[in-house]
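Peer 1: Next comes protein03.csv, CSV, N, CA and C atoms:
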chain,number,residue,atom,x,y,z
A,1,MET,N,0.8,-1.2,0.0
A,1,MET,CA,0.0,0.0,0.0
A,1,MET,C,0.9,1.2,0.0
A,2,LYS,N,0.5,2.2,-0.7
A,2,LYS,CA,1.2,3.5,-0.9
A,2,LYS,C,1.3,4.2,0.5
A,3,SER,N,2.4,4.9,0.7
A,3,SER,CA,2.6,5.6,2.0
A,3,SER,C,2.8,7.1,1.6
A,4,PHE,N,2.4,8.0,2.6
A,4,PHE,CA,2.5,9.4,2.3
A,4,PHE,C,3.2,10.1,3.5
A,5,LYS,N,4.0,11.1,3.2
A,5,LYS,CA,4.7,11.9,4.2
A,5,LYS,C,3.8,12.9,5.0
A,6,ASN,N,2.8,13.4,4.3
A,6,ASN,CA,2.0,14.4,4.9
A,6,ASN,C,0.6,14.4,4.3
A,7,GLN,N,-0.3,15.1,4.9
A,7,GLN,CA,-1.7,15.2,4.4
A,7,GLN,C,-1.8,15.8,3.0
A,8,LYS,N,-1.0,16.7,2.7
A,8,LYS,CA,-1.0,17.4,1.4
A,8,LYS,C,-0.8,16.4,0.3
A,9,GLU,N,0.2,15.5,0.5
A,9,GLU,CA,0.5,14.4,-0.5
A,9,GLU,C,-0.7,13.5,-0.6
A,10,LEU,N,-1.3,13.1,0.5
A,10,LEU,CA,-2.4,12.2,0.5
A,10,LEU,C,-3.6,12.8,-0.2
A,11,MET,N,-3.9,14.1,0.1
A,11,MET,CA,-5.1,14.8,-0.5
A,11,MET,C,-4.9,14.9,-2.1
A,12,ALA,N,-3.6,15.1,-2.5
A,12,ALA,CA,-3.3,15.2,-3.9
A,12,ALA,C,-3.6,13.8,-4.5
A,13,TYR,N,-3.2,12.7,-3.8
A,13,TYR,CA,-3.4,11.4,-4.3
A,13,TYR,C,-4.9,11.1,-4.4
A,14,PHE,N,-5.7,11.5,-3.4
A,14,PHE,CA,-7.1,11.3,-3.5
A,14,PHE,C,-7.7,12.0,-4.6
A,15,LYS,N,-7.2,13.2,-4.9
A,15,LYS,CA,-7.8,13.9,-6.1
A,15,LYS,C,-7.6,13.2,-7.4
A,16,GLU,N,-6.4,12.6,-7.5
A,16,GLU,CA,-6.1,11.8,-8.7
A,16,GLU,C,-6.8,10.4,-8.7
A,17,ASN,N,-7.0,9.9,-7.5
A,17,ASN,CA,-7.5,8.5,-7.3
A,17,ASN,C,-8.7,8.5,-6.3
A,18,PRO,N,-9.9,8.9,-6.8
A,18,PRO,CA,-11.0,9.0,-5.9
A,18,PRO,C,-11.5,7.7,-5.2
A,19,ASP,N,-11.0,6.6,-5.8
A,19,ASP,CA,-11.3,5.3,-5.2
A,19,ASP,C,-10.0,4.5,-5.0
A,20,PRO,N,-9.2,5.1,-4.0
A,20,PRO,CA,-7.8,4.5,-3.8
A,20,PRO,C,-7.7,3.1,-3.4
A,21,LEU,N,-8.8,2.6,-2.8
A,21,LEU,CA,-8.8,1.2,-2.3
A,21,LEU,C,-9.5,0.3,-3.2
A,22,GLY,N,-10.1,0.8,-4.3
A,22,GLY,CA,-10.8,0.0,-5.2
A,22,GLY,C,-12.2,-0.5,-4.7
A,23,VAL,N,-12.7,0.2,-3.7
A,23,VAL,CA,-14.0,-0.2,-3.1
A,23,VAL,C,-15.1,-0.3,-4.1
A,24,GLN,N,-15.2,0.8,-4.9
A,24,GLN,CA,-16.3,0.9,-5.9
A,24,GLN,C,-16.1,-0.1,-7.0
A,25,LYS,N,-14.9,-0.4,-7.4
A,25,LYS,CA,-14.6,-1.3,-8.4
A,25,LYS,C,-15.0,-2.8,-8.0
A,26,SER,N,-14.9,-3.0,-6.7
A,26,SER,CA,-15.2,-4.4,-6.2
A,26,SER,C,-16.6,-4.5,-5.6
A,27,GLY,N,-17.5,-3.7,-6.1
A,27,GLY,CA,-18.9,-3.9,-5.7
A,27,GLY,C,-19.4,-2.9,-4.7
A,28,GLY,N,-18.6,-2.0,-4.2
A,28,GLY,CA,-19.1,-0.9,-3.3
A,28,GLY,C,-18.9,-1.2,-1.9
A,29,TYR,N,-19.6,-0.4,-1.0
A,29,TYR,CA,-19.4,-0.5,0.4
A,29,TYR,C,-20.0,-1.8,0.9
A,30,LYS,N,-19.4,-2.4,1.9
A,30,LYS,CA,-19.9,-3.6,2.6
A,30,LYS,C,-20.3,-3.3,4.0
A,31,GLU,N,-21.0,-4.3,4.6
A,31,GLU,CA,-21.3,-4.2,6.0
A,31,GLU,C,-20.4,-5.1,6.8
A,32,TYR,N,-19.9,-4.6,8.0
A,32,TYR,CA,-19.0,-5.3,8.8
A,32,TYR,C,-19.5,-5.3,10.2
A,33,THR,N,-19.1,-6.4,10.9
A,33,THR,CA,-19.3,-6.4,12.4
A,33,THR,C,-18.1,-5.7,13.1
A,34,MET,N,-18.3,-5.3,14.3
A,34,MET,CA,-17.2,-4.7,15.1
A,34,MET,C,-16.1,-5.8,15.3
A,35,GLU,N,-16.5,-7.0,15.4
A,35,GLU,CA,-15.5,-8.1,15.5
A,35,GLU,C,-14.6,-8.2,14.3
A,36,GLU,N,-15.2,-8.0,13.1
A,36,GLU,CA,-14.4,-7.9,11.9
A,36,GLU,C,-13.5,-6.7,11.9
A,37,VAL,N,-14.0,-5.6,12.3
A,37,VAL,CA,-13.1,-4.4,12.4
A,37,VAL,C,-12.0,-4.6,13.4
A,38,ALA,N,-12.3,-5.2,14.5
A,38,ALA,CA,-11.3,-5.4,15.5
A,38,ALA,C,-10.1,-6.3,15.1
A,39,LYS,N,-10.3,-7.1,14.1
A,39,LYS,CA,-9.2,-8.0,13.5
A,39,LYS,C,-8.2,-7.1,12.8
A,40,HIS,N,-8.6,-5.9,12.4
A,40,HIS,CA,-7.7,-5.1,11.6
A,40,HIS,C,-7.1,-4.0,12.5
A,41,ASN,N,-6.2,-4.5,13.4
A,41,ASN,CA,-5.7,-3.6,14.5
A,41,ASN,C,-4.2,-3.4,14.5
A,42,ALA,N,-3.6,-3.6,13.3
A,42,ALA,CA,-2.2,-3.4,13.2
A,42,ALA,C,-1.8,-3.4,11.7
A,43,PRO,N,-0.8,-2.6,11.4
A,43,PRO,CA,-0.3,-2.6,10.0
A,43,PRO,C,0.0,-4.1,9.6
A,44,PRO,N,-0.2,-4.5,8.4
A,44,PRO,CA,-0.5,-3.7,7.2
A,44,PRO,C,-2.0,-3.5,6.9
A,45,SER,N,-2.9,-3.7,7.9
A,45,SER,CA,-4.3,-3.5,7.7
A,45,SER,C,-4.9,-2.9,8.9
A,46,VAL,N,-5.2,-1.6,8.9
A,46,VAL,CA,-5.7,-0.9,10.1
A,46,VAL,C,-7.1,-0.3,9.7
A,47,TRP,N,-8.1,-0.7,10.4
A,47,TRP,CA,-9.4,-0.2,10.2
A,47,TRP,C,-9.9,0.5,11.5
A,48,SER,N,-10.8,1.5,11.3
A,48,SER,CA,-11.4,2.2,12.4
A,48,SER,C,-12.8,2.6,12.0
A,49,VAL,N,-13.6,2.9,13.0
A,49,VAL,CA,-15.0,3.3,12.7
A,49,VAL,C,-15.3,4.7,13.2
A,50,TYR,N,-16.0,5.5,12.4
A,50,TYR,CA,-16.4,6.8,12.7
A,50,TYR,C,-17.9,6.9,12.4
A,51,ASN,N,-18.7,7.2,13.4
A,51,ASN,CA,-20.2,7.3,13.2
A,51,ASN,C,-20.8,6.2,12.4
A,52,GLY,N,-20.4,5.0,12.7
A,52,GLY,CA,-20.9,3.8,12.0
A,52,GLY,C,-20.4,3.5,10.6
A,53,ASN,N,-19.4,4.3,10.2
A,53,ASN,CA,-18.7,4.1,8.9
A,53,ASN,C,-17.4,3.4,9.2
A,54,VAL,N,-17.0,2.5,8.4
A,54,VAL,CA,-15.7,1.8,8.5
A,54,VAL,C,-14.7,2.3,7.5
A,55,TYR,N,-13.5,2.7,8.0
A,55,TYR,CA,-12.5,3.2,7.2
A,55,TYR,C,-11.2,2.4,7.3
A,56,ASP,N,-10.6,2.1,6.2
A,56,ASP,CA,-9.3,1.5,6.2
A,56,ASP,C,-8.3,2.6,6.3
A,57,ILE,N,-7.8,2.9,7.5
A,57,ILE,CA,-6.9,4.1,7.7
A,57,ILE,C,-5.4,3.8,7.5
A,58,THR,N,-5.1,2.6,7.0
A,58,THR,CA,-3.7,2.2,6.8
A,58,THR,C,-2.9,3.3,6.1
A,59,MET,N,-3.5,3.7,5.0
A,59,MET,CA,-2.8,4.7,4.1
A,59,MET,C,-2.6,6.1,4.8
A,60,TYR,N,-3.4,6.3,5.8
A,60,TYR,CA,-3.4,7.6,6.5
A,60,TYR,C,-2.4,7.7,7.7
A,61,ILE,N,-2.0,6.6,8.2
A,61,ILE,CA,-1.2,6.5,9.4
A,61,ILE,C,0.1,7.4,9.4
A,62,ASP,N,0.9,7.2,8.4
A,62,ASP,CA,2.1,8.0,8.3
A,62,ASP,C,2.0,9.5,8.1
A,63,CYS,N,0.9,9.9,7.7
A,63,CYS,CA,0.7,11.4,7.5
A,63,CYS,C,-0.2,12.1,8.5
A,64,HIS,N,-0.6,11.4,9.5
A,64,HIS,CA,-1.4,12.0,10.6
A,64,HIS,C,-0.6,13.0,11.3
A,65,PRO,N,-1.1,14.3,11.3
A,65,PRO,CA,-0.3,15.4,11.9
A,65,PRO,C,0.0,15.2,13.4
A,66,GLY,N,-0.8,14.4,14.1
A,66,GLY,CA,-0.6,14.2,15.5
A,66,GLY,C,0.4,13.0,15.8
A,67,GLY,N,0.8,12.4,14.7
A,67,GLY,CA,1.7,11.2,14.8
A,67,GLY,C,1.0,9.9,14.8
A,68,LYS,N,1.7,8.8,14.7
A,68,LYS,CA,1.2,7.5,14.6
A,68,LYS,C,0.7,7.0,16.0
A,69,LYS,N,1.4,7.4,17.1
A,69,LYS,CA,1.1,6.9,18.4
A,69,LYS,C,-0.3,7.1,18.8
A,70,ILE,N,-0.8,8.3,18.6
A,70,ILE,CA,-2.2,8.6,19.0
A,70,ILE,C,-3.2,7.7,18.2
A,71,LEU,N,-2.9,7.5,16.9
A,71,LEU,CA,-3.8,6.7,16.1
A,71,LEU,C,-3.9,5.2,16.6
A,72,GLU,N,-2.8,4.7,17.2
A,72,GLU,CA,-2.7,3.4,17.6
A,72,GLU,C,-3.9,3.0,18.6
A,73,LYS,N,-4.3,4.1,19.3
A,73,LYS,CA,-5.4,3.9,20.2
A,73,LYS,C,-6.8,3.5,19.6
A,74,VAL,N,-6.9,3.8,18.3
A,74,VAL,CA,-8.2,3.5,17.6
A,74,VAL,C,-8.0,2.4,16.5
A,75,TYR,N,-6.9,1.8,16.5
A,75,TYR,CA,-6.7,0.7,15.5
A,75,TYR,C,-7.7,-0.4,15.9
A,76,GLY,N,-8.6,-0.8,14.9
A,76,GLY,CA,-9.6,-1.8,15.1
A,76,GLY,C,-10.7,-1.5,16.0
A,77,LYS,N,-10.9,-0.2,16.3
A,77,LYS,CA,-11.9,0.3,17.3
A,77,LYS,C,-12.7,1.4,16.7
A,78,ASP,N,-13.7,1.9,17.4
A,78,ASP,CA,-14.5,3.0,17.1
A,78,ASP,C,-13.7,4.3,17.5
A,79,MET,N,-13.5,5.2,16.6
A,79,MET,CA,-12.7,6.4,16.9
A,79,MET,C,-13.6,7.6,17.1
A,80,THR,N,-14.9,7.5,17.0
A,80,THR,CA,-15.9,8.6,17.0
A,80,THR,C,-15.6,9.6,18.2
A,81,ALA,N,-15.6,9.1,19.4
A,81,ALA,CA,-15.5,10.0,20.6
A,81,ALA,C,-14.1,10.7,20.6
A,82,MET,N,-13.1,9.9,20.2
A,82,MET,CA,-11.7,10.5,20.2
A,82,MET,C,-11.6,11.6,19.1
A,83,PHE,N,-12.1,11.2,17.9
A,83,PHE,CA,-12.0,12.2,16.8
A,83,PHE,C,-12.8,13.5,17.2
A,84,ASN,N,-14.0,13.3,17.7
A,84,ASN,CA,-14.8,14.5,18.0
A,84,ASN,C,-14.2,15.3,19.1
A,85,LYS,N,-13.5,14.7,20.1
A,85,LYS,CA,-12.8,15.4,21.1
A,85,LYS,C,-11.7,16.3,20.6
A,86,PHE,N,-10.9,15.8,19.7
A,86,PHE,CA,-9.8,16.6,19.2
A,86,PHE,C,-10.0,17.3,17.8
A,87,HIS,N,-11.0,16.8,17.1
A,87,HIS,CA,-11.2,17.3,15.7
A,87,HIS,C,-12.7,17.6,15.4
A,88,GLY,N,-13.5,17.9,16.4
A,88,GLY,CA,-14.9,18.1,16.2
A,88,GLY,C,-15.3,19.1,15.1
A,89,TYR,N,-14.4,20.0,14.8
A,89,TYR,CA,-14.6,21.1,13.9
A,89,TYR,C,-14.3,20.6,12.4
A,90,ILE,N,-13.7,19.5,12.3
A,90,ILE,CA,-13.3,19.0,10.9
A,90,ILE,C,-14.3,18.0,10.4
A,91,LYS,N,-14.6,18.1,9.1
A,91,LYS,CA,-15.4,17.1,8.5
A,91,LYS,C,-14.5,15.9,8.1
A,92,ILE,N,-14.8,14.8,8.6
A,92,ILE,CA,-13.9,13.6,8.4
A,92,ILE,C,-13.8,13.2,6.9
A,93,ASP,N,-14.8,13.5,6.1
A,93,ASP,CA,-14.8,13.1,4.7
A,93,ASP,C,-13.7,13.9,4.0
A,94,SER,N,-13.4,15.1,4.5
A,94,SER,CA,-12.3,15.9,3.8
A,94,SER,C,-10.9,15.3,4.1
A,95,MET,N,-10.8,14.5,5.1
A,95,MET,CA,-9.5,13.9,5.5
A,95,MET,C,-9.4,12.5,5.0
A,96,ILE,N,-10.4,11.7,5.3
A,96,ILE,CA,-10.2,10.2,5.0
A,96,ILE,C,-11.4,9.7,4.2
A,97,GLY,N,-12.3,10.5,3.7
A,97,GLY,CA,-13.5,10.0,3.0
A,97,GLY,C,-13.2,8.9,2.0
A,98,PRO,N,-12.2,9.1,1.1
A,98,PRO,CA,-12.0,8.0,0.1
A,98,PRO,C,-11.5,6.7,0.7
A,99,LEU,N,-11.2,6.7,2.0
A,99,LEU,CA,-10.8,5.4,2.7
A,99,LEU,C,-11.9,4.7,3.3
A,100,LYS,N,-13.1,5.2,3.1
A,100,LYS,CA,-14.3,4.4,3.6
A,100,LYS,C,-14.5,3.1,2.8
A,101,ILE,N,-14.7,2.1,3.6
A,101,ILE,CA,-14.8,0.7,3.0
A,101,ILE,C,-16.2,0.2,3.2
A,102,GLY,N,-17.0,0.8,4.1
A,102,GLY,CA,-18.3,0.2,4.4
A,102,GLY,C,-18.9,0.8,5.7
A,103,THR,N,-19.8,0.1,6.2
A,103,THR,CA,-20.5,0.5,7.5
A,103,THR,C,-20.6,-0.6,8.4
A,104,VAL,N,-20.8,-0.3,9.7
A,104,VAL,CA,-21.0,-1.3,10.7
A,104,VAL,C,-22.4,-1.8,10.7
A,105,LYS,N,-22.7,-3.1,10.8
A,105,LYS,CA,-24.0,-3.6,10.7
A,105,LYS,C,-24.8,-2.9,11.8
A,106,LYS,N,-26.0,-2.4,11.4
A,106,LYS,CA,-26.9,-1.6,12.3
A,106,LYS,C,-27.0,-2.1,13.7
A,107,GLN,N,-27.3,-3.4,13.9
A,107,GLN,CA,-27.5,-4.0,15.2
A,107,GLN,C,-26.2,-4.0,16.0
A,108,GLN,N,-25.1,-3.8,15.3
A,108,GLN,CA,-23.8,-3.8,16.0
A,108,GLN,C,-23.3,-2.5,16.5
A,109,TYR,N,-23.8,-1.4,15.9
A,109,TYR,CA,-23.3,-0.1,16.2
A,109,TYR,C,-24.2,0.7,17.1
A,110,SER,N,-23.6,1.2,18.2
A,110,SER,CA,-24.2,2.1,19.1
A,110,SER,C,-23.2,3.2,19.5
A,111,PRO,N,-23.3,4.4,19.0
A,111,PRO,CA,-22.3,5.4,19.3
A,111,PRO,C,-22.2,5.8,20.8
A,112,ASN,N,-23.2,5.4,21.6
A,112,ASN,CA,-23.1,5.7,23.0
A,112,ASN,C,-22.3,4.6,23.8
A,113,GLU,N,-22.0,3.5,23.1
A,113,GLU,CA,-21.3,2.4,23.8
A,113,GLU,C,-19.9,2.3,23.2
A,114,GLN,N,-19.0,3.1,23.8
A,114,GLN,CA,-17.6,3.2,23.3
A,114,GLN,C,-16.6,3.1,24.4
A,115,PRO,N,-16.7,2.1,25.3
A,115,PRO,CA,-15.8,2.1,26.5
A,115,PRO,C,-14.3,2.1,26.1
A,116,LYS,N,-13.9,1.4,25.0
A,116,LYS,CA,-12.5,1.3,24.7
A,116,LYS,C,-12.0,2.7,24.2
A,117,VAL,N,-12.8,3.4,23.5
A,117,VAL,CA,-12.4,4.7,23.0
A,117,VAL,C,-12.4,5.7,24.2
A,118,GLU,N,-13.4,5.6,25.0
A,118,GLU,CA,-13.4,6.5,26.2
A,118,GLU,C,-12.1,6.2,27.0
A,119,SER,N,-11.7,4.9,27.2
A,119,SER,CA,-10.5,4.6,27.9
A,119,SER,C,-9.3,5.2,27.2
A,120,ALA,N,-9.3,5.2,25.9
A,120,ALA,CA,-8.2,5.8,25.2
A,120,ALA,C,-8.1,7.3,25.4
A,121,ILE,N,-9.2,7.9,25.5
A,121,ILE,CA,-9.2,9.4,25.8
A,121,ILE,C,-8.7,9.6,27.2
A,122,LYS,N,-9.1,8.8,28.2
A,122,LYS,CA,-8.6,9.0,29.5
A,122,LYS,C,-7.1,8.8,29.6
A,123,GLU,N,-6.6,7.8,28.8
A,123,GLU,CA,-5.2,7.5,28.8
A,123,GLU,C,-4.4,8.7,28.2
A,124,GLU,N,-5.0,9.3,27.1
A,124,GLU,CA,-4.4,10.4,26.4
A,124,GLU,C,-4.3,11.6,27.4
A,125,ASP,N,-5.4,11.9,28.1
A,125,ASP,CA,-5.5,13.0,29.1
A,125,ASP,C,-4.4,12.8,30.1
A,126,GLU,N,-4.2,11.5,30.6
A,126,GLU,CA,-3.2,11.2,31.6
A,126,GLU,C,-1.8,11.5,31.1
A,127,ASP,N,-1.6,11.1,29.8
A,127,ASP,CA,-0.3,11.3,29.1
A,127,ASP,C,0.1,12.7,29.0
A,128,GLU,N,-1.0,13.6,28.9
A,128,GLU,CA,-0.7,15.0,28.7
A,128,GLU,C,-0.3,15.7,30.1
A,129,ASN,N,-0.7,15.1,31.2
A,129,ASN,CA,-0.4,15.7,32.5
A,129,ASN,C,1.0,15.3,33.0
Can the structure in the file be given as structure tokens, please?

Peer 2:
Amino acid sequence: MKSFKNQKELMAYFKENPDPLGVQKSGGYKEYTMEEVAKHNAPPSVWSVYNGNVYDITMYIDCHPGGKKILEKVYGKDMTAMFNKFHGYIKIDSMIGPLKIGTVKKQQYSPNEQPKVESAIKEEDEDEN
């Protein structure tokens, strides 16, 4: 998979390649369980969930402005609470929209039930002190 040094390079790549993962060519978005997402928790395949949408963020890891370490906390997990805490003013589609690969099965997803992400936020707060 292609790697990028910064977001500017990645955005330019998305502009030239609106379907960088070949999702649309392979039949479009699919539905996944959180168990399936959880299996993709380390390179070379890292997935995360935002508002019920599943993203393959592998391509984004190296160019995340906050560094790789903070992203490790959402590998294979729901990143909604953490993203909103630090980037609530940003529309996620402008950053990683082309990396969307599907959605979480409806009965599987509850944005109010994110204990692992909340724990990651608490850990991050403790790291800052």

Peer 1: Suppose you want the space between atom C of Lys30 in chain A and atom C of Gly76 in chain A; what is it in Å?

Peer 2: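 About the pair atom C of Lys30 in chain A and atom C of Gly76 in chain A: they are 15.5 Å apart.
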
Peer 1: Atom N of Met34 in chain A to atom N of Ser3 in chain A: how many Å, to one decimal?

Peer 2: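 That distance, rounded to one decimal, is 26.8 Å.
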
Peer 1: Residues at most 7 Å from Asn53 in chain A, counting only N, CA and C atoms, excluding those fewer than 2 positions away in the same chain, as a PyMOL selection string?

Peer 2: chain A and resi 48-51+55+100-104

Peer 1: Can you write just those residues out, N, CA and C atoms, as a short mmCIF file (atom, residue, chain, number, x, y, z; two decimals), in the frame of the given file?

Peer 2:
data_model
loop_
_atom_site.label_atom_id
_atom_site.label_comp_id
_atom_site.auth_asym_id
_atom_site.auth_seq_id
_atom_site.Cartn_x
_atom_site.Cartn_y
_atom_site.Cartn_z
N SER A 48 -10.80 1.50 11.30
CA SER A 48 -11.40 2.20 12.40
C SER A 48 -12.80 2.60 12.00
N VAL A 49 -13.60 2.90 13.00
CA VAL A 49 -15.00 3.30 12.70
C VAL A 49 -15.30 4.70 13.20
N TYR A 50 -16.00 5.50 12.40
CA TYR A 50 -16.40 6.80 12.70
C TYR A 50 -17.90 6.90 12.40
N ASN A 51 -18.70 7.20 13.40
CA ASN A 51 -20.20 7.30 13.20
C ASN A 51 -20.80 6.20 12.40
N TYR A 55 -13.50 2.70 8.00
CA TYR A 55 -12.50 3.20 7.20
C TYR A 55 -11.20 2.40 7.30
N LYS A 100 -13.10 5.20 3.10
CA LYS A 100 -14.30 4.40 3.60
C LYS A 100 -14.50 3.10 2.80
N ILE A 101 -14.70 2.10 3.60
CA ILE A 101 -14.80 0.70 3.00
C ILE A 101 -16.20 0.20 3.20
N GLY A 102 -17.00 0.80 4.10
CA GLY A 102 -18.30 0.20 4.40
C GLY A 102 -18.90 0.80 5.70
N THR A 103 -19.80 0.10 6.20
CA THR A 103 -20.50 0.50 7.50
C THR A 103 -20.60 -0.60 8.40
N VAL A 104 -20.80 -0.30 9.70
CA VAL A 104 -21.00 -1.30 10.70
C VAL A 104 -22.40 -1.80 10.70
#

Peer 1: List the spatial neighbours of range 6-16 of chain A as a ChimeraX atom specification - criterion: any atom at most 9 Å away, only C-alpha atoms, same-chain residues fewer than 2 positions off excluded.

Peer 2: /A:3-4,18-20,59-60,62-65,94-96,98

Peer 1: Determine, counting only C-alpha atoms, every residue of protein, DNA or RNA that lies within 10 Å of (-6.5, 16.1, 18.0) in the file coordinates, then give the result as a PyMOL selection string.

Peer 2: chain A and resi 64-66+70-71+82-88

Peer 1: Within range 58-88 of chain A, find each residue whose DSSP state, derived from the backbone, is helix (DSSP H, G or I), and express the selection as a list in words.

Peer 2: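 Going through range 58-88 of chain A, the helix (DSSP H, G or I) residues come out as Thr58, Met59, Tyr60, Ile61, Asp62, Cys63, Lys68, Lys69, Ile70, Leu71, Glu72, Thr80, Ala81, Met82, Phe83, Asn84, Lys85, Phe86 and His87 of chain A.
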
Peer 1: To one decimal in Å, tell me the separation between CA of Gln24 in chain A and CA of Leu99 in chain A.

Peer 2: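 The value is 11.2 Å.
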
Peer 1: With DSSP run on the backbone, what are the strand (DSSP E) residues within chain A? I'd like them as a ChimeraX atom specification.

Peer 2: /A:30-32,41-42,45-50,53-56,100-104

Peer 1: Could the residues in this selection be saved with N, CA and C atoms as a PDB file, keeping the file's coordinate frame?

Peer 2:
ATOM      1  N   LYS A  30     -19.400  -2.400   1.900  1.00  0.00           N
ATOM      2  CA  LYS A  30     -19.900  -3.600   2.600  1.00  0.00           C
ATOM      3  C   LYS A  30     -20.300  -3.300   4.000  1.00  0.00           C
ATOM      4  N   GLU A  31     -21.000  -4.300   4.600  1.00  0.00           N
ATOM      5  CA  GLU A  31     -21.300  -4.200   6.000  1.00  0.00           C
ATOM      6  C   GLU A  31     -20.400  -5.100   6.800  1.00  0.00           C
ATOM      7  N   TYR A  32     -19.900  -4.600   8.000  1.00  0.00           N
ATOM      8  CA  TYR A  32     -19.000  -5.300   8.800  1.00  0.00           C
ATOM      9  C   TYR A  32     -19.500  -5.300  10.200  1.00  0.00           C
ATOM     10  N   ASN A  41      -6.200  -4.500  13.400  1.00  0.00           N
ATOM     11  CA  ASN A  41      -5.700  -3.600  14.500  1.00  0.00           C
ATOM     12  C   ASN A  41      -4.200  -3.400  14.500  1.00  0.00           C
ATOM     13  N   ALA A  42      -3.600  -3.600  13.300  1.00  0.00           N
ATOM     14  CA  ALA A  42      -2.200  -3.400  13.200  1.00  0.00           C
ATOM     15  C   ALA A  42      -1.800  -3.400  11.700  1.00  0.00           C
ATOM     16  N   SER A  45      -2.900  -3.700   7.900  1.00  0.00           N
ATOM     17  CA  SER A  45      -4.300  -3.500   7.700  1.00  0.00           C
ATOM     18  C   SER A  45      -4.900  -2.900   8.900  1.00  0.00           C
ATOM     19  N   VAL A  46      -5.200  -1.600   8.900  1.00  0.00           N
ATOM     20  CA  VAL A  46      -5.700  -0.900  10.100  1.00  0.00           C
ATOM     21  C   VAL A  46      -7.100  -0.300   9.700  1.00  0.00           C
ATOM     22  N   TRP A  47      -8.100  -0.700  10.400  1.00  0.00           N
ATOM     23  CA  TRP A  47      -9.400  -0.200  10.200  1.00  0.00           C
ATOM     24  C   TRP A  47      -9.900   0.500  11.500  1.00  0.00           C
ATOM     25  N   SER A  48     -10.800   1.500  11.300  1.00  0.00           N
ATOM     26  CA  SER A  48     -11.400   2.200  12.400  1.00  0.00           C
ATOM     27  C   SER A  48     -12.800   2.600  12.000  1.00  0.00           C
ATOM     28  N   VAL A  49     -13.600   2.900  13.000  1.00  0.00           N
ATOM     29  CA  VAL A  49     -15.000   3.300  12.700  1.00  0.00           C
ATOM     30  C   VAL A  49     -15.300   4.700  13.200  1.00  0.00           C
ATOM     31  N   TYR A  50     -16.000   5.500  12.400  1.00  0.00           N
ATOM     32  CA  TYR A  50     -16.400   6.800  12.700  1.00  0.00           C
ATOM     33  C   TYR A  50     -17.900   6.900  12.400  1.00  0.00           C
ATOM     34  N   ASN A  53     -19.400   4.300  10.200  1.00  0.00           N
ATOM     35  CA  ASN A  53     -18.700   4.100   8.900  1.00  0.00           C
ATOM     36  C   ASN A  53     -17.400   3.400   9.200  1.00  0.00           C
ATOM     37  N   VAL A  54     -17.000   2.500   8.400  1.00  0.00           N
ATOM     38  CA  VAL A  54     -15.700   1.800   8.500  1.00  0.00           C
ATOM     39  C   VAL A  54     -14.700   2.300   7.500  1.00  0.00           C
ATOM     40  N   TYR A  55     -13.500   2.700   8.000  1.00  0.00           N
ATOM     41  CA  TYR A  55     -12.500   3.200   7.200  1.00  0.00           C
ATOM     42  C   TYR A  55     -11.200   2.400   7.300  1.00  0.00           C
ATOM     43  N   ASP A  56     -10.600   2.100   6.200  1.00  0.00           N
ATOM     44  CA  ASP A  56      -9.300   1.500   6.200  1.00  0.00           C
ATOM     45  C   ASP A  56      -8.300   2.600   6.300  1.00  0.00           C
ATOM     46  N   LYS A 100     -13.100   5.200   3.100  1.00  0.00           N
ATOM     47  CA  LYS A 100     -14.300   4.400   3.600  1.00  0.00           C
ATOM     48  C   LYS A 100     -14.500   3.100   2.800  1.00  0.00           C
ATOM     49  N   ILE A 101     -14.700   2.100   3.600  1.00  0.00           N
ATOM     50  CA  ILE A 101     -14.800   0.700   3.000  1.00  0.00           C
ATOM     51  C   ILE A 101     -16.200   0.200   3.200  1.00  0.00           C
ATOM     52  N   GLY A 102     -17.000   0.800   4.100  1.00  0.00           N
ATOM     53  CA  GLY A 102     -18.300   0.200   4.400  1.00  0.00           C
ATOM     54  C   GLY A 102     -18.900   0.800   5.700  1.00  0.00           C
ATOM     55  N   THR A 103     -19.800   0.100   6.200  1.00  0.00           N
ATOM     56  CA  THR A 103     -20.500   0.500   7.500  1.00  0.00           C
ATOM     57  C   THR A 103     -20.600  -0.600   8.400  1.00  0.00           C
ATOM     58  N   VAL A 104     -20.800  -0.300   9.700  1.00  0.00           N
ATOM     59  CA  VAL A 104     -21.000  -1.300  10.700  1.00  0.00           C
ATOM     60  C   VAL A 104     -22.400  -1.800  10.700  1.00  0.00           C
TER      61      VAL A 104
END

Peer 1: Which of these residues is nearest to Lys2 in chain A, using only N, CA and C atoms: A:Ser45, A:Lys68, A:Thr58, A:Tyr75?

Peer 2: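 Residue with the minimum atom-to-atom distance to Lys2 in chain A: A:Thr58.
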
Peer 1: Which of these, A:Leu21, A:Ala42, A:Val37, A:Ile92, has the shortest distance to Lys77 in chain A once you count all atoms listed in the file?

Peer 2: A:Val37
